[in-house]
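The block underneath contains the structure these notes are about, expressed in C-alpha cells.
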Amino acid sequence: MTETTRAKILVVDDEPANLNLMRQILKNDYDLAFAKSGADAFANLQKQVPDLVLLDVMMPGMDGYEVCEKIKADPRVSEVPVIFCTAMTEEGDEVRGFKLGAADYLTKPVRPAVVLARVRTHLALADQHRATREEVRRAHKDLSESRLNALLMLGKAAEFKDNDTGLHVVRMSQYSRLLAEACGWNEEACELLLNAAPMHDVGKISTPDHILKKPGRLDEAEMAIMRQHAESGARIIDEAKCDTPLFKMAREIAISHHEKWDGSGYPHGLAGEAIPMTARIVAIADVFDALTSQRPYKAPWSLDQTFAFLRENAGSHFDPQLVEAFAGLRPAITAIQQRWSEP
C-alpha cells in the first residue's frame, strides 16, 4: 500500500467494549471494520479483503482458532496477517495459534502503544512479503517467456529449412489447439500444446538440405535419414535440460508425431492409445497443413481432398475419433488458414 492509502483492519470480538477500545486506539491511522462473531467476520471478508485481522480467541459459536483456520484455508485471504487478541496466556494456546498461521498475539487487557507497534510491524512485513512475491512472480514470468521464445525460435529455425515463411508451424499449432479444445482440454493444457507443437520438427535442423528440399520422392536411404529427425528433435530438446511441462510436451510431440494408429509409424512403432494424445493431435494438424499448403513438389490440395484423405487414413495413420472431431471444426480451420495464409 502507498503512503496515501490507509491500511484496512478488521477487528473481530464479541464484546462491544473491546471493539470500542480498538476503535479508539486505531481510528486515527487506519480504516476499520468490525465483526462481533466468526460468521460476521466472514461476511465482512466477502465484501472487502482487509490488510490485517485483529481476532479475539474466546467467542461463542466459532472461536478465534476456527476463524483463523478458515482464513488460512481461503486462497483469497490466506496471506492476510492475523493477530490474536486474548486473555488466554498459556503457552499451549499460543503454540496452537501459531500452528494455525497466526502472525502474533496481543494479551488482554491491551496496551495502546503495544497494539499500534505490533500492527505497524505486521503491516510492514506483509508489504515486504507482497513485494517479494511480486518480484518472484515477475522473475518466473520473464524466465518462462524467455524459455518459450527460445523454443519457438528453435521451432521456426527448423521450419525455415523446409519452408521459407515459417507459417506452417503457426497454422499447425493453431489447428492443434483447436482440436485439443474440441476434445475438452482445459485452457492451460491447450495453451501448452499451442506452444509445444511448433517444436514437432525441430530435429530437421540436423537433416541435410538436399533431402529436405528434394522435389521428388525420397529413396529408401534418404527416407531413413529423414526419419531420424524425430529422435534428433527429442535429443535437441533434452539438451535444454529444462524439466518443465512445456519442454516435456515438446519432447513427447517431437519424438512421437510420426507414429501411426496401426503401429506402422516411427521411430518406435507405437500403436493406438500408446501414442501420446499430444502427438496424435499434432499428427493430424501437421499432415493437414502440409497437404493444403504449396510445396516445391506439389500444389495445395483442396479442403475436400484433404478431409477425404484424413478419413481414408483414419484407423491406419490417424486416431479415427480425432479425425472426426477435426472434420467438425471446418469453419474454424478455414478461419485459421485465412488469417495465416502464405504471402
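Residue numbering restarts at 1 in every chain; chains get A, B, ... in the order shown in the C-alpha cells, and ligands count up from 1 in that same order.
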
For region 177-189 of chain A, list every protein, DNA or RNA residue within 7 Å, evaluated using only C-alpha atoms, and leave out those in the same chain fewer than 5 positions away; present the list as a PDB file with C-alpha atoms, in the first residue's frame.
ATOM      1  CA  LEU A 194      -0.105 -24.385 -28.813  1.00  0.00           C
ATOM      2  CA  ILE A 281      -3.360 -34.378 -32.376  1.00  0.00           C
ATOM      3  CA  ALA A 325     -13.569 -34.214 -34.264  1.00  0.00           C
ATOM      4  CA  PHE A 326     -11.214 -32.319 -36.566  1.00  0.00           C
TER       5      PHE A 326
END

Give me the residues within 8 Å of Pro267 (chain A) as a list of chain:residue names, counting only C-alpha atoms and dropping any in the same chain fewer than 6 places off.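 With the cut-off at 8 Å, the set is A:Arg227, A:Gln228, A:Ala230, A:Glu231, A:Ile255, A:Ser256, A:His258, A:Glu259.
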
Please report, as a VMD selection string, each residue of region 19-63 of chain A to which DSSP assigns alpha helix (DSSP H) when run on this structure's backbone. chain A and resid 19 to 26 38 to 47

State, in Å with one decimal place, the distance from CA of Asp29 (chain A) to CA of Arg6 (chain A). 7.0 Å

Exercise: Trp301 (chain A) partners within 7 Å, only C-alpha atoms, chain neighbours under 4 positions left out, as a count of residues only: 4

From the set A:Leu322, A:Ala299, A:Val82, A:Ala274, which residue has the shortest atom-to-atom contact distance to Asp104 (chain A), counting only C-alpha atoms? A:Val82

Contacts of region 8-14 of chain A at 7 Å (only C-alpha atoms; same-chain gap of 3+ positions) as an NGL selection string: :A and (18-19 or 30-37 or 41 or 50-56 or 59)

Now that the selection is made, can you save its residues with C-alpha atoms as a short mmCIF file (atom, residue, chain, number, x, y, z; two decimals), in the first residue's frame?
data_model
loop_
_atom_site.label_atom_id
_atom_site.label_comp_id
_atom_site.auth_asym_id
_atom_site.auth_seq_id
_atom_site.Cartn_x
_atom_site.Cartn_y
_atom_site.Cartn_z
CA ASN A 18 -13.30 -4.33 23.32
CA LEU A 19 -14.37 -3.22 19.84
CA TYR A 30 -6.34 3.04 9.84
CA ASP A 31 -9.65 2.33 8.14
CA LEU A 32 -11.58 -0.03 10.40
CA ALA A 33 -14.25 -2.69 10.05
CA PHE A 34 -15.82 -4.58 12.94
CA ALA A 35 -17.36 -8.01 13.47
CA LYS A 36 -18.94 -9.47 16.60
CA SER A 37 -18.60 -13.15 15.65
CA ALA A 41 -16.11 -11.79 10.18
CA PRO A 50 -8.53 -6.32 4.83
CA ASP A 51 -4.80 -5.78 5.21
CA LEU A 52 -4.81 -7.24 8.75
CA VAL A 53 -7.21 -9.01 11.15
CA LEU A 54 -7.27 -8.46 14.92
CA LEU A 55 -9.06 -11.54 16.23
CA ASP A 56 -10.46 -12.44 19.64
CA MET A 59 -16.07 -16.17 21.20
#

Atom-to-atom span, CA of Glu94 (chain A) and CA of His122 (chain A), Å: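 Between CA of Glu94 (chain A) and CA of His122 (chain A) the gap works out to 17.1 Å.
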
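Counting only C-alpha atoms, the residue from A:Ala221, A:Pro215, A:Ile205, A:Lys70 that sits nearest to Arg235 (chain A) is A:Ile205.
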
Nearest residue to Leu192 (chain A) out of A:Ala17, A:Met62, A:Val115, A:Ala250, using only C-alpha atoms? A:Ala250

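Scanning region 36-99 of chain A with DSSP on the backbone, the strand (DSSP E) assignments fall on Leu52, Val53, Leu54, Leu55, Asp56, Val82, Ile83, Phe84, Cys85 and Thr86 of chain A.
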
May I have the residues within 12 Å of Asp238 (chain A) as an NGL selection string, using only C-alpha atoms and disregarding those fewer than 5 positions away in the same chain? :A and (202-203 or 231-233 or 243-244 or 247-252 or 254-255)

Between CA of Val77 (chain A) and CA of Arg137 (chain A) - distance in Å to one decimal: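 The value is 18.3 Å.
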
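Using only C-alpha atoms, the nearest neighbour of Lys99 (chain A) within the list A:Glu239, A:Glu135, A:Lys72, A:Asp63 is A:Lys72.
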